[in-house]
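Asks: Input input35.txt, format and content: compact mmCIF, C-alpha atoms.
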```
# COMPACT_ATOMS: atom_id res chain seq x y z
CA MET A 1 30.38 -23.98 -2.68
CA HIS A 2 26.75 -23.93 -3.78
CA GLU A 3 28.11 -24.45 -7.29
CA MET A 4 28.08 -28.14 -6.36
CA SER A 5 24.31 -27.94 -5.86
CA LEU A 6 23.95 -26.04 -9.11
CA ALA A 7 25.95 -28.69 -10.97
CA GLU A 8 23.68 -31.32 -9.45
CA GLY A 9 20.67 -29.35 -10.69
CA VAL A 10 22.18 -29.40 -14.17
CA ARG A 11 22.67 -33.15 -13.95
CA GLN A 12 19.08 -33.70 -12.88
CA ILE A 13 17.82 -31.66 -15.81
CA ILE A 14 20.04 -33.63 -18.20
CA GLU A 15 18.94 -36.98 -16.78
CA ASP A 16 15.27 -36.00 -16.95
CA ALA A 17 15.74 -34.95 -20.56
CA ALA A 18 17.62 -38.16 -21.36
CA ARG A 19 14.76 -40.24 -19.97
CA ARG A 20 12.14 -38.25 -21.86
CA GLN A 21 13.96 -37.97 -25.14
CA GLY A 22 15.84 -41.24 -25.04
CA PHE A 23 19.25 -39.92 -26.01
CA GLY A 24 22.53 -41.43 -24.97
CA ARG A 25 25.54 -39.24 -24.62
CA VAL A 26 25.73 -35.50 -24.24
CA ARG A 27 28.61 -33.83 -26.05
CA THR A 28 28.08 -30.24 -25.04
CA VAL A 29 26.06 -28.62 -22.27
CA VAL A 30 25.17 -24.99 -22.89
CA LEU A 31 24.34 -22.94 -19.82
CA GLU A 32 23.13 -19.38 -19.69
CA ILE A 33 24.58 -17.62 -16.66
CA GLY A 34 23.80 -13.99 -16.02
CA GLN A 35 26.66 -11.67 -15.22
CA LEU A 36 24.89 -10.71 -11.99
CA ALA A 37 23.96 -14.27 -10.96
CA ALA A 38 25.29 -15.62 -7.66
CA VAL A 39 27.59 -18.13 -9.30
CA GLU A 40 31.28 -18.37 -10.02
CA PRO A 41 31.75 -19.85 -13.52
CA ASP A 42 35.18 -21.33 -12.77
CA SER A 43 33.86 -23.03 -9.66
CA LEU A 44 30.86 -24.29 -11.59
CA ARG A 45 33.17 -25.77 -14.23
CA PHE A 46 35.13 -27.60 -11.58
CA CYS A 47 31.96 -29.00 -9.98
CA PHE A 48 30.45 -29.83 -13.37
CA ASP A 49 33.25 -32.22 -14.24
CA LEU A 50 32.91 -34.00 -10.89
CA VAL A 51 29.13 -34.20 -10.81
CA MET A 52 28.68 -35.38 -14.40
CA LYS A 53 30.80 -38.50 -13.81
CA GLY A 54 28.87 -41.71 -14.40
CA GLY A 55 26.02 -39.93 -16.19
CA PRO A 56 25.09 -39.10 -19.76
CA ALA A 57 27.13 -35.89 -19.70
CA GLU A 58 30.38 -37.41 -18.39
CA GLY A 59 33.23 -35.74 -20.23
CA ALA A 60 30.89 -33.28 -21.95
CA VAL A 61 32.11 -29.84 -22.88
CA LEU A 62 30.60 -27.11 -20.72
CA GLN A 63 29.78 -23.94 -22.61
CA ILE A 64 28.77 -20.98 -20.47
CA ASP A 65 27.02 -18.13 -22.26
CA ARG A 66 27.07 -14.96 -20.20
CA VAL A 67 24.01 -12.73 -20.20
CA PRO A 68 24.81 -9.07 -19.56
CA GLY A 69 23.48 -7.35 -16.47
CA ARG A 70 20.58 -4.94 -16.92
CA GLY A 71 18.96 -2.54 -14.53
CA TRP A 72 16.29 0.11 -14.34
CA CYS A 73 17.34 3.52 -13.04
CA ALA A 74 14.56 5.21 -11.09
CA GLN A 75 16.32 8.55 -11.49
CA CYS A 76 16.52 8.37 -15.29
CA ASP A 77 13.41 6.22 -15.73
CA ALA A 78 15.44 4.15 -18.18
CA HIS A 79 16.91 0.69 -18.65
CA VAL A 80 20.70 0.64 -18.43
CA ASP A 81 23.59 -1.84 -18.64
CA ILE A 82 25.39 -2.73 -15.41
CA ALA A 83 28.31 -5.09 -14.83
CA GLU A 84 27.97 -5.46 -11.05
CA LEU A 85 25.09 -5.38 -8.58
CA TYR A 86 26.55 -2.25 -7.01
CA ASP A 87 27.29 -0.36 -10.22
CA PRO A 88 25.95 3.17 -10.54
CA CYS A 89 23.70 4.19 -13.40
CA PRO A 90 25.97 4.90 -16.40
CA ARG A 91 23.78 7.90 -17.29
CA CYS A 92 23.33 9.82 -14.05
CA GLY A 93 25.89 8.18 -11.74
CA GLY A 94 23.20 7.49 -9.13
CA TYR A 95 22.68 4.22 -7.34
CA ARG A 96 18.93 3.89 -7.60
CA VAL A 97 19.28 1.04 -10.07
CA GLN A 98 17.06 -2.03 -9.69
CA VAL A 99 18.38 -5.15 -11.35
CA THR A 100 16.09 -6.34 -14.16
CA GLY A 101 18.23 -8.86 -16.01
CA GLY A 102 21.44 -10.84 -15.88
CA THR A 103 20.64 -12.98 -12.83
CA GLU A 104 19.49 -16.06 -14.77
CA MET A 105 21.00 -19.52 -14.33
CA ARG A 106 19.58 -21.78 -17.01
CA VAL A 107 20.34 -24.91 -18.98
CA LYS A 108 19.87 -23.57 -22.49
CA GLU A 109 20.54 -26.53 -24.76
CA LEU A 110 22.36 -29.82 -25.10
CA GLU A 111 24.35 -31.20 -27.99
CA ILE A 112 23.42 -34.87 -27.95
CA GLU A 113 24.44 -37.97 -29.85
CA MET B 1 30.95 -36.93 -1.78
CA CYS B 2 27.28 -36.10 -1.93
CA ASN B 3 26.26 -34.65 -5.23
CA VAL B 4 23.39 -32.63 -3.83
CA CYS B 5 25.22 -30.24 -1.58
CA GLY B 6 28.81 -31.40 -1.59
CA CYS B 7 28.51 -32.90 1.88
CA GLY B 8 30.03 -36.18 2.92
CA ALA B 9 27.59 -39.07 2.69
CA GLY B 10 25.16 -39.31 5.57
CA GLU B 11 26.16 -36.12 7.33
CA THR B 12 22.81 -34.41 7.27
CA ARG B 13 20.81 -34.67 10.45
CA ILE B 14 17.64 -33.23 11.82
CA ASP B 15 17.42 -32.62 15.52
CA GLY B 16 20.71 -34.41 15.87
CA GLN B 17 19.21 -37.67 14.76
CA ASP B 18 21.56 -39.80 12.85
CA PRO B 19 20.37 -41.96 10.06
CA PRO B 20 22.61 -44.84 11.24
CA GLY B 21 22.12 -48.15 9.61
CA GLY B 22 19.91 -45.94 7.65
CA ASP B 23 20.46 -46.92 4.15
CA PRO B 24 17.92 -44.86 2.30
CA VAL B 25 14.83 -46.83 1.38
CA GLY B 26 11.68 -46.24 -0.54
CA GLU B 27 11.00 -43.99 -3.44
CA GLU B 28 13.50 -41.36 -4.27
CA ARG B 29 11.90 -37.97 -3.76
CA PRO B 30 12.47 -34.90 -5.86
CA GLY B 31 15.89 -33.58 -5.03
CA GLY B 32 17.36 -37.01 -4.40
CA TRP B 33 15.97 -37.40 -0.90
CA ARG B 34 14.88 -40.72 0.57
CA GLU B 35 13.34 -41.69 3.87
CA THR B 36 15.59 -43.81 6.06
CA ARG B 37 14.31 -47.00 7.62
CA GLY B 38 13.94 -47.44 11.34
CA HIS B 39 14.95 -43.91 12.29
CA ASP B 40 12.95 -40.78 12.51
CA ALA B 41 15.51 -38.90 10.50
CA LEU B 42 15.69 -37.24 7.16
CA HIS B 43 18.66 -37.53 4.90
CA TYR B 44 19.46 -35.09 2.18
CA GLY B 45 22.91 -36.18 1.28
CA ARG B 46 22.35 -38.61 -1.57
CA GLY B 47 21.74 -37.69 -5.14
CA PRO B 48 20.29 -39.85 -7.87
CA ALA B 49 22.38 -42.62 -9.35
CA GLY B 50 23.59 -41.96 -12.82
CA ALA B 51 22.18 -43.77 -15.78
CA GLU B 52 24.78 -44.33 -18.39
CA ALA B 53 23.75 -45.14 -21.93
CA PRO B 54 26.57 -44.58 -24.30
CA GLY B 55 25.72 -44.38 -27.95
CA MET B 56 27.54 -43.25 -31.01
CA SER B 57 25.70 -41.33 -33.68
CA GLN B 58 25.45 -37.91 -35.22
CA THR B 59 24.94 -35.09 -32.78
CA ARG B 60 22.05 -32.64 -32.67
CA MET B 61 21.13 -29.70 -30.49
CA LEU B 62 18.30 -30.13 -28.06
CA SER B 63 16.70 -27.02 -26.63
CA ILE B 64 16.17 -27.28 -22.86
CA GLU B 65 15.54 -23.75 -21.53
CA GLN B 66 15.18 -24.71 -17.87
CA ARG B 67 16.31 -22.87 -14.80
CA ILE B 68 19.09 -24.75 -13.02
CA LEU B 69 17.34 -24.29 -9.68
CA ALA B 70 13.90 -25.13 -11.07
CA ARG B 71 13.49 -28.06 -8.70
CA ASN B 72 14.38 -26.08 -5.61
CA ASP B 73 12.20 -23.21 -6.79
CA ALA B 74 9.22 -25.53 -7.32
CA LEU B 75 9.61 -26.91 -3.79
CA ALA B 76 9.97 -23.37 -2.46
CA ASP B 77 6.73 -22.43 -4.20
CA GLU B 78 5.04 -25.39 -2.50
CA ASN B 79 6.32 -24.18 0.86
CA ARG B 80 5.19 -20.65 0.07
CA ARG B 81 1.67 -21.76 -0.89
CA TRP B 82 1.42 -23.91 2.22
CA LEU B 83 2.49 -21.01 4.43
CA ALA B 84 0.38 -18.44 2.61
CA GLY B 85 -2.75 -20.56 2.90
CA ARG B 86 -2.34 -20.52 6.66
CA GLY B 87 -1.40 -16.88 7.06
CA ILE B 88 2.03 -17.82 8.41
CA LEU B 89 4.78 -15.23 8.10
CA ALA B 90 8.06 -16.95 7.19
CA LEU B 91 11.31 -14.98 7.41
CA ASN B 92 14.68 -16.33 6.28
CA LEU B 93 17.47 -14.87 8.43
CA VAL B 94 20.86 -14.85 6.78
CA SER B 95 24.28 -13.54 7.81
CA SER B 96 27.91 -14.45 8.27
CA PRO B 97 28.64 -16.80 11.16
CA GLY B 98 28.72 -14.84 14.41
CA ALA B 99 26.57 -11.87 13.38
CA GLY B 100 24.25 -12.60 16.29
CA LYS B 101 21.32 -14.28 14.54
CA THR B 102 20.50 -16.66 17.37
CA THR B 103 20.70 -14.00 20.08
CA LEU B 104 18.52 -11.81 17.89
CA LEU B 105 16.03 -14.65 17.46
CA VAL B 106 15.86 -15.37 21.18
CA ARG B 107 15.06 -11.76 22.02
CA THR B 108 12.62 -11.49 19.12
CA ILE B 109 10.78 -14.65 20.19
CA GLU B 110 10.57 -13.44 23.78
CA ALA B 111 8.95 -10.22 22.57
CA LEU B 112 6.65 -11.77 19.99
CA GLN B 113 5.37 -14.90 21.64
CA THR B 114 3.23 -13.07 24.16
CA ARG B 115 0.93 -12.18 21.26
CA VAL B 116 1.68 -14.58 18.40
CA PRO B 117 2.96 -18.17 18.24
CA VAL B 118 6.54 -18.38 16.94
CA SER B 119 8.34 -21.47 15.65
CA VAL B 120 11.88 -21.79 14.39
CA VAL B 121 13.88 -23.77 11.85
CA GLU B 122 17.57 -23.75 12.77
CA GLY B 123 20.20 -24.43 10.14
CA ASP B 124 23.79 -25.26 11.05
CA GLN B 125 26.39 -27.58 9.68
CA GLN B 126 26.67 -29.41 12.99
CA THR B 127 25.26 -29.50 16.55
CA SER B 128 21.85 -28.62 17.91
CA PHE B 129 23.17 -25.89 20.21
CA ASP B 130 21.09 -23.22 18.52
CA ALA B 131 17.82 -25.16 18.60
CA GLU B 132 18.41 -25.75 22.31
CA ARG B 133 18.83 -22.01 22.87
CA ILE B 134 15.60 -21.39 20.97
CA ARG B 135 13.66 -24.10 22.82
CA ALA B 136 14.71 -22.52 26.12
CA THR B 137 12.38 -19.64 25.18
CA GLY B 138 9.49 -22.09 24.94
CA ALA B 139 9.24 -21.83 21.16
CA PRO B 140 9.26 -25.08 19.17
CA ALA B 141 12.37 -25.48 17.04
CA VAL B 142 13.66 -28.02 14.54
CA GLN B 143 17.40 -28.24 13.97
CA ILE B 144 18.62 -29.06 10.49
CA ASN B 145 22.26 -30.08 10.24
CA THR B 146 23.49 -29.77 6.70
CA GLY B 147 26.71 -31.71 7.24
CA LYS B 148 29.20 -30.13 4.88
CA GLY B 149 26.37 -28.34 3.06
CA CYS B 150 26.61 -24.57 2.99
CA HIS B 151 22.94 -23.55 2.86
CA LEU B 152 19.39 -24.65 3.59
CA ASP B 153 17.26 -25.60 0.61
CA ALA B 154 13.53 -25.73 0.03
CA LEU B 155 13.33 -29.50 0.47
CA MET B 156 14.89 -29.35 3.94
CA VAL B 157 12.55 -26.56 5.01
CA GLY B 158 9.51 -28.40 3.63
CA GLN B 159 10.41 -31.45 5.71
CA ALA B 160 11.05 -29.31 8.76
CA LEU B 161 7.65 -27.67 8.27
CA SER B 162 5.82 -30.98 8.38
CA ARG B 163 7.56 -31.71 11.69
CA LEU B 164 6.99 -28.31 13.20
CA ALA B 165 3.39 -27.97 11.97
CA PRO B 166 3.27 -24.26 12.79
CA PRO B 167 -0.24 -23.02 13.63
CA ALA B 168 -2.18 -20.64 11.39
CA ASP B 169 -1.51 -16.90 11.74
CA SER B 170 1.87 -17.52 13.34
CA VAL B 171 5.47 -16.52 12.69
CA LEU B 172 8.09 -18.94 11.36
CA LEU B 173 11.69 -17.82 11.70
CA ILE B 174 14.27 -19.70 9.64
CA GLU B 175 17.85 -19.22 10.74
CA ASN B 176 19.93 -20.15 7.73
CA VAL B 177 23.45 -21.54 7.86
CA GLY B 178 25.90 -18.76 8.73
CA ASN B 179 27.14 -17.93 5.25
CA LEU B 180 26.79 -14.67 3.39
CA VAL B 181 27.16 -16.25 -0.05
CA CYS B 182 25.33 -19.49 -0.87
CA PRO B 183 21.96 -19.00 0.89
CA ALA B 184 21.30 -16.02 -1.41
CA ALA B 185 20.61 -18.34 -4.33
CA PHE B 186 18.19 -20.72 -2.60
CA ASP B 187 14.58 -19.74 -2.19
CA LEU B 188 13.04 -21.53 0.78
CA GLY B 189 9.50 -20.24 0.30
CA GLU B 190 9.95 -17.38 2.77
CA ARG B 191 8.12 -14.07 2.52
CA ALA B 192 11.36 -12.14 2.94
CA LYS B 193 15.06 -12.58 3.56
CA VAL B 194 16.42 -10.57 6.46
CA VAL B 195 20.18 -10.05 6.29
CA VAL B 196 21.94 -9.40 9.59
CA LEU B 197 25.16 -7.40 9.47
CA SER B 198 26.94 -6.84 12.78
CA VAL B 199 29.14 -3.87 13.55
CA THR B 200 32.03 -6.17 14.45
CA GLU B 201 32.26 -6.98 10.74
CA GLY B 202 33.39 -4.62 8.02
CA ASP B 203 31.09 -1.81 6.92
CA ASP B 204 32.08 -2.65 3.32
CA LYS B 205 30.50 -6.10 3.43
CA PRO B 206 27.47 -5.12 1.33
CA LEU B 207 29.85 -4.49 -1.58
CA LYS B 208 32.09 -7.47 -0.87
CA TYR B 209 29.15 -9.88 -0.71
CA PRO B 210 26.51 -8.10 -2.77
CA ASP B 211 24.32 -11.08 -3.69
CA MET B 212 22.86 -11.47 -0.23
CA PHE B 213 22.12 -7.78 0.14
CA ALA B 214 20.48 -7.83 -3.29
CA ALA B 215 18.29 -10.78 -2.29
CA ALA B 216 17.21 -9.37 1.09
CA SER B 217 14.22 -7.16 1.87
CA LEU B 218 15.53 -5.92 5.22
CA MET B 219 19.00 -5.36 6.64
CA LEU B 220 19.40 -5.42 10.40
CA ILE B 221 22.58 -3.76 11.61
CA ASN B 222 23.19 -5.66 14.85
CA LYS B 223 25.39 -5.20 17.93
CA THR B 224 25.04 -1.41 17.83
CA ASP B 225 25.92 -1.40 21.55
CA LEU B 226 29.50 -2.15 20.45
CA LEU B 227 29.76 0.85 18.10
CA PRO B 228 31.90 2.89 20.54
CA TYR B 229 34.55 0.17 20.45
CA VAL B 230 34.77 -0.66 16.76
CA ASP B 231 35.63 1.10 13.55
CA PHE B 232 32.29 0.62 11.80
CA ASN B 233 30.61 3.45 9.92
CA VAL B 234 26.85 2.82 9.97
CA ASP B 235 26.09 5.44 7.30
CA LYS B 236 28.70 3.96 5.00
CA ALA B 237 27.33 0.43 5.45
CA ILE B 238 23.81 1.64 4.66
CA ASP B 239 25.01 3.62 1.65
CA PHE B 240 26.83 0.55 0.28
CA ALA B 241 23.83 -1.70 0.90
CA LEU B 242 21.48 0.70 -0.88
CA ARG B 243 23.83 0.85 -3.86
CA VAL B 244 23.32 -2.89 -4.23
CA ASN B 245 19.61 -2.81 -3.42
CA PRO B 246 17.84 0.56 -3.43
CA ALA B 247 14.65 -1.06 -2.12
CA LEU B 248 16.33 -2.50 1.00
CA ALA B 249 14.83 -1.47 4.34
CA VAL B 250 17.35 -0.87 7.14
CA ILE B 251 16.96 -1.03 10.93
CA SER B 252 19.76 -0.75 13.50
CA VAL B 253 19.38 -2.96 16.56
CA SER B 254 21.21 -4.44 19.49
CA ALA B 255 20.01 -7.92 20.35
CA THR B 256 21.90 -7.57 23.64
CA THR B 257 20.33 -4.33 24.91
CA GLY B 258 17.10 -4.36 22.89
CA ALA B 259 17.85 -1.02 21.23
CA GLY B 260 15.97 -0.63 17.96
CA PHE B 261 13.68 -3.56 18.70
CA ASP B 262 10.52 -1.46 18.52
CA ALA B 263 11.26 -0.71 14.88
CA TRP B 264 12.24 -4.31 14.10
CA LEU B 265 9.17 -5.77 15.80
CA GLY B 266 7.03 -3.17 14.04
CA TRP B 267 8.42 -4.35 10.72
CA VAL B 268 7.63 -7.96 11.64
CA ASP B 269 4.08 -6.98 12.69
CA ALA B 270 3.50 -5.19 9.39
CA GLN B 271 4.71 -8.24 7.47
CA LEU B 272 2.53 -10.51 9.58
CA ASP B 273 -0.53 -8.33 8.95
CA GLU B 274 0.11 -8.60 5.22
CA ALA B 275 0.57 -12.38 5.39
CA ARG B 276 -2.64 -12.79 7.35
CA ALA B 277 -4.59 -10.45 5.07
CA ALA B 278 -3.35 -12.32 1.99
CA ALA B 279 -4.50 -15.64 3.49
CA ARG B 280 -8.01 -14.29 4.00
CA ARG B 281 -8.23 -12.78 0.56
CA PRO B 282 -10.54 -14.93 -1.52
CA VAL B 283 -8.58 -16.28 -4.45
CA GLY B 284 -9.27 -18.95 -7.02
CA LEU B 285 -6.74 -21.44 -5.73
CA THR B 286 -6.76 -21.73 -1.96
CA LEU B 287 -5.10 -24.65 -0.32
CA ASP B 288 -6.49 -24.43 3.07
CA GLY B 289 -9.82 -22.75 3.16
CA GLU B 290 -9.87 -19.69 5.24
CA SER B 291 -7.31 -20.37 7.93
```
Show the structure stored in the file as structure tokens.

Replies:
Amino acid sequence: MHEMSLAEGVRQIIEDAARRQGFGRVRTVVLEIGQLAAVEPDSLRFCFDLVMKGGPAEGAVLQIDRVPGRGWCAQCDAHVDIAELYDPCPRCGGYRVQVTGGTEMRVKELEIE
Amino acid sequence: MCNVCGCGAGETRIDGQDPPGGDPVGEERPGGWRETRGHDALHYGRGPAGAEAPGMSQTRMLSIEQRILARNDALADENRRWLAGRGILALNLVSSPGAGKTTLLVRTIEALQTRVPVSVVEGDQQTSFDAERIRATGAPAVQINTGKGCHLDALMVGQALSRLAPPADSVLLIENVGNLVCPAAFDLGERAKVVVLSVTEGDDKPLKYPDMFAAASLMLINKTDLLPYVDFNVDKAIDFALRVNPALAVISVSATTGAGFDAWLGWVDAQLDEARAAARRPVGLTLDGES
């Protein structure tokens, strides 16, 4: 359940931004979560609602934008799309694919009032 | 419930010390941590209080572009710089519960400490059993109890480091909470994650729990002395692990018999040489002079 810690990280970022920018309520929180990131979106949604209580993003809509997984195949010397960490290269079928993208977990933007 | 790690309030303890009566006092530290009064204990279980400021107006989009774990990662970088400046090799050992991490540590410490100082950070939800096993070897150990928390984070390890004060050019072994999922996401400032997979588990674990195998630099296949009695295919486990992480190094060991320990200790020595060499390399920003 590290999604609880992640939700707390989101809250900290929102509260820091609220202090800096002086906004009140947050309507929508937009996260960017890579398809290969170690996070379960459904679990994160559940924790988000709990953790945001009493703060500027209480009741806010959580929008999760997925970023597709990308890898570099040493065999093909090419960048390829992958959906799972253990996926083979879609070109050659080999497994010498190093993940290069799709592991991000970021707060992208906030819709504020 | 704690909004840092999901633990119940006040359940985190270090070296079994309770923060009783210990309402947090003083400045809130990054990560929502406060020192407790009157007890030599560190509490991690309280997050910041919310600040509510309702207002009704038109909405607008505010670009944030920040990593969710930015705070943990910044603390991990602090730990990493502190360790690097002193030439200390820090390894983060991760596995399921019961993979044999502590037995592996005990044997590793016994072999290493004749030539290099070793200190240990022990992470468990409860009890200081593991730290006691480590201390029996003569190595200093700090026990972190995470309460209901499922992983160590960089703040906990930073606090443990200031207690342990490991000497320069030494080895720091961090035994994470037994959990093959959550610790993958939390950088502690270590040089490498070492994932321990024991042959009493399934050989398909690297595919079932790929994140940890993707995050690790080395996989130790442990309890190889039990191979005759279990249905575990070592080649298959390695093949699956390399599918997830083609750069993963693999060593088979038995912490009970010592089989494979020459290779494992050789890997540790090579990492230690690199850590020490990096600390001596003259760079613009050194923290600690030449130690």

Asks: Which one of B:Ile64, B:Ala275, B:Val142, B:Ala249 sits closest to Ala214 (chain B) if you count only C-alpha atoms?

Replies: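 Of B:Ile64, B:Ala275, B:Val142, B:Ala249, the one nearest Ala214 (chain B) is B:Ala249, counting only C-alpha atoms.
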
Asks: Enumerate, in order of chain and increasing residue number, the residues of chain A with an atom no farther than 6 Å from chain B, each with its shortest atom pair and distance in Å to one decimal, counting all atoms listed in the file, as CSV.

Replies:
```
residue,atom,partner,partner_atom,distance
A:His2,CA,B:Cys182,CA,5.5
A:Met4,CA,B:Gly6,CA,5.8
A:Ser5,CA,B:Cys5,CA,4.9
A:Glu8,CA,B:Val4,CA,5.8
A:Gly9,CA,B:Ile68,CA,5.4
A:Val10,CA,B:Ile68,CA,5.7
A:Gly24,CA,B:Ala53,CA,4.9
A:Arg25,CA,B:Pro54,CA,5.4
A:Gly54,CA,B:Gly50,CA,5.5
A:Gly55,CA,B:Gly50,CA,4.6
A:Pro56,CA,B:Glu52,CA,5.4
A:Leu85,CA,B:Val244,CA,5.3
A:Tyr86,CA,B:Val244,CA,4.3
A:Tyr95,CA,B:Arg243,CA,5.0
A:Arg96,CA,B:Pro246,CA,5.4
A:Met105,CA,B:Ile68,CA,5.7
A:Arg106,CA,B:Arg67,CA,4.1
A:Val107,CA,B:Gln66,CA,5.3
A:Lys108,CA,B:Glu65,CA,4.4
A:Glu109,CA,B:Ser63,CA,4.3
A:Leu110,CA,B:Leu62,CA,5.0
A:Glu111,CA,B:Met61,CA,4.3
A:Ile112,CA,B:Thr59,CA,5.1
A:Glu113,CA,B:Thr59,CA,4.1
```

Asks: For CA of Val26 (chain A) and CA of Ala60 (chain A), determine how far apart the two atoms are, in Å to one decimal place.

Replies: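 Distance between the two atoms: 6.1 Å.
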
Asks: What does the distance from CA of Arg81 (chain B) to CA of Ala278 (chain B) come to in Å, to one decimal?

Replies: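 Separating CA of Arg81 (chain B) from CA of Ala278 (chain B) is a distance of 11.1 Å.
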
Asks: List the spatial neighbours of Glu104 (chain A) as a ChimeraX atom specification - criterion: any atom at most 8 Å away, all atoms listed in the file, same-chain residues fewer than 3 positions off excluded.

Replies: /A:32-34,37,67,101 /B:67

Asks: CA of Lys223 (chain B) and CA of Val121 (chain B) are how many Å apart?

Replies: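 So the answer is 22.7 Å.
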
Asks: Calculated over all atoms listed in the file, which of the candidates B:Leu220, B:Ala263, B:Leu152, B:Val230 has the smallest distance to Val194 (chain B)?

Replies: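 Ranked by minimum distance to Val194 (chain B), first place goes to B:Leu220.
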
Asks: From the set B:Val253, B:Ile174, B:Ala139, B:Ala99, which residue has the shortest atom-to-atom contact distance to Ala154 (chain B), counting only C-alpha atoms?

Replies: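 Checking each candidate against Ala154 (chain B), we get B:Ile174 as the closest.
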
Asks: Mind checking which residues fall within 8 Å of region 122-130 of chain B, counting all atoms listed in the file, ignoring those fewer than 2 positions away in the same chain, and posting them as a list in words?

Replies: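 These residues fall inside the cut-off: Asp15, Gly16, Thr102, Val120, Glu132, Arg133, Ile134, Ala141, Val142, Gln143, Ile144, Asn145, Thr146, Gly147, Lys148, Gly149, Cys150, His151, Leu152, Ile174, Glu175, Asn176, Val177 and Gly178 of chain B.
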
Asks: Okay, now the selection with C-alpha atoms, as a CSV table (one decimal), in the coordinates of the input?

Replies:
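The resulting file, selection_37.csv, is reproduced below:
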```csv
chain,number,residue,atom,x,y,z
B,15,ASP,CA,17.4,-32.6,15.5
B,16,GLY,CA,20.7,-34.4,15.9
B,102,THR,CA,20.5,-16.7,17.4
B,120,VAL,CA,11.9,-21.8,14.4
B,132,GLU,CA,18.4,-25.8,22.3
B,133,ARG,CA,18.8,-22.0,22.9
B,134,ILE,CA,15.6,-21.4,21.0
B,141,ALA,CA,12.4,-25.5,17.0
B,142,VAL,CA,13.7,-28.0,14.5
B,143,GLN,CA,17.4,-28.2,14.0
B,144,ILE,CA,18.6,-29.1,10.5
B,145,ASN,CA,22.3,-30.1,10.2
B,146,THR,CA,23.5,-29.8,6.7
B,147,GLY,CA,26.7,-31.7,7.2
B,148,LYS,CA,29.2,-30.1,4.9
B,149,GLY,CA,26.4,-28.3,3.1
B,150,CYS,CA,26.6,-24.6,3.0
B,151,HIS,CA,22.9,-23.6,2.9
B,152,LEU,CA,19.4,-24.6,3.6
B,174,ILE,CA,14.3,-19.7,9.6
B,175,GLU,CA,17.8,-19.2,10.7
B,176,ASN,CA,19.9,-20.2,7.7
B,177,VAL,CA,23.4,-21.5,7.9
B,178,GLY,CA,25.9,-18.8,8.7
```

Asks: Using all atoms listed in the file for the distances, tell me which of A:Arg19, A:Arg11, A:Arg91, A:Arg45 is nearest to Val61 (chain A).

Replies: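 Selected residue with least distance to Val61 (chain A): A:Arg45.
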
Asks: Report the closest atom pair, with its distance in Å rounded to one decimal, for each residue of region 195-268 of chain B that has an atom no farther than 12 Å from region 103-110 of chain B; count all atoms listed in the file, sort by chain and then rising residue number, and write it as CSV.

Replies:
```
residue,atom,partner,partner_atom,distance
B:Val195,CA,B:Leu104,CA,11.8
B:Val196,CA,B:Leu104,CA,9.3
B:Leu197,CA,B:Leu104,CA,11.6
B:Ser198,CA,B:Leu104,CA,11.0
B:Leu220,CA,B:Leu104,CA,9.9
B:Ile221,CA,B:Leu104,CA,11.0
B:Asn222,CA,B:Leu104,CA,8.3
B:Lys223,CA,B:Leu104,CA,9.5
B:Ser252,CA,B:Leu104,CA,12.0
B:Val253,CA,B:Leu104,CA,9.0
B:Ser254,CA,B:Leu104,CA,8.0
B:Ala255,CA,B:Leu104,CA,4.8
B:Thr256,CA,B:Thr103,CA,7.4
B:Thr257,CA,B:Arg107,CA,9.6
B:Gly258,CA,B:Arg107,CA,7.7
B:Ala259,CA,B:Arg107,CA,11.1
B:Gly260,CA,B:Thr108,CA,11.4
B:Phe261,CA,B:Thr108,CA,8.0
B:Asp262,CA,B:Thr108,CA,10.3
B:Ala263,CA,B:Thr108,CA,11.7
B:Trp264,CA,B:Thr108,CA,8.8
B:Leu265,CA,B:Thr108,CA,7.5
B:Gly266,CA,B:Thr108,CA,11.2
B:Trp267,CA,B:Thr108,CA,11.8
B:Val268,CA,B:Thr108,CA,9.7
```

Asks: Go ahead and write the selection's residues with C-alpha atoms as a compact mmCIF listing (two decimals), in the frame of the given file.

Replies:
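Result written to selection-v9.txt:
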```
# COMPACT_ATOMS: atom_id res chain seq x y z
CA VAL B 195 20.18 -10.05 6.29
CA VAL B 196 21.94 -9.40 9.59
CA LEU B 197 25.16 -7.40 9.47
CA SER B 198 26.94 -6.84 12.78
CA LEU B 220 19.40 -5.42 10.40
CA ILE B 221 22.58 -3.76 11.61
CA ASN B 222 23.19 -5.66 14.85
CA LYS B 223 25.39 -5.20 17.93
CA SER B 252 19.76 -0.75 13.50
CA VAL B 253 19.38 -2.96 16.56
CA SER B 254 21.21 -4.44 19.49
CA ALA B 255 20.01 -7.92 20.35
CA THR B 256 21.90 -7.57 23.64
CA THR B 257 20.33 -4.33 24.91
CA GLY B 258 17.10 -4.36 22.89
CA ALA B 259 17.85 -1.02 21.23
CA GLY B 260 15.97 -0.63 17.96
CA PHE B 261 13.68 -3.56 18.70
CA ASP B 262 10.52 -1.46 18.52
CA ALA B 263 11.26 -0.71 14.88
CA TRP B 264 12.24 -4.31 14.10
CA LEU B 265 9.17 -5.77 15.80
CA GLY B 266 7.03 -3.17 14.04
CA TRP B 267 8.42 -4.35 10.72
CA VAL B 268 7.63 -7.96 11.64
```

Asks: For a quick check of understanding, using only C-alpha atoms, which of A:Met52, A:Ile13, A:Ala7, A:Cys73 has the smallest distance to Arg27 (chain A)?

Replies: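 Selected residue with least distance to Arg27 (chain A): A:Met52.
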
Asks: So, with only C-alpha atoms as the atoms that count, which of A:Glu15, A:Lys53, A:Gly94, A:Phe48 lies closest to Leu31 (chain A)?

Replies: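 Selected residue with least distance to Leu31 (chain A): A:Phe48.
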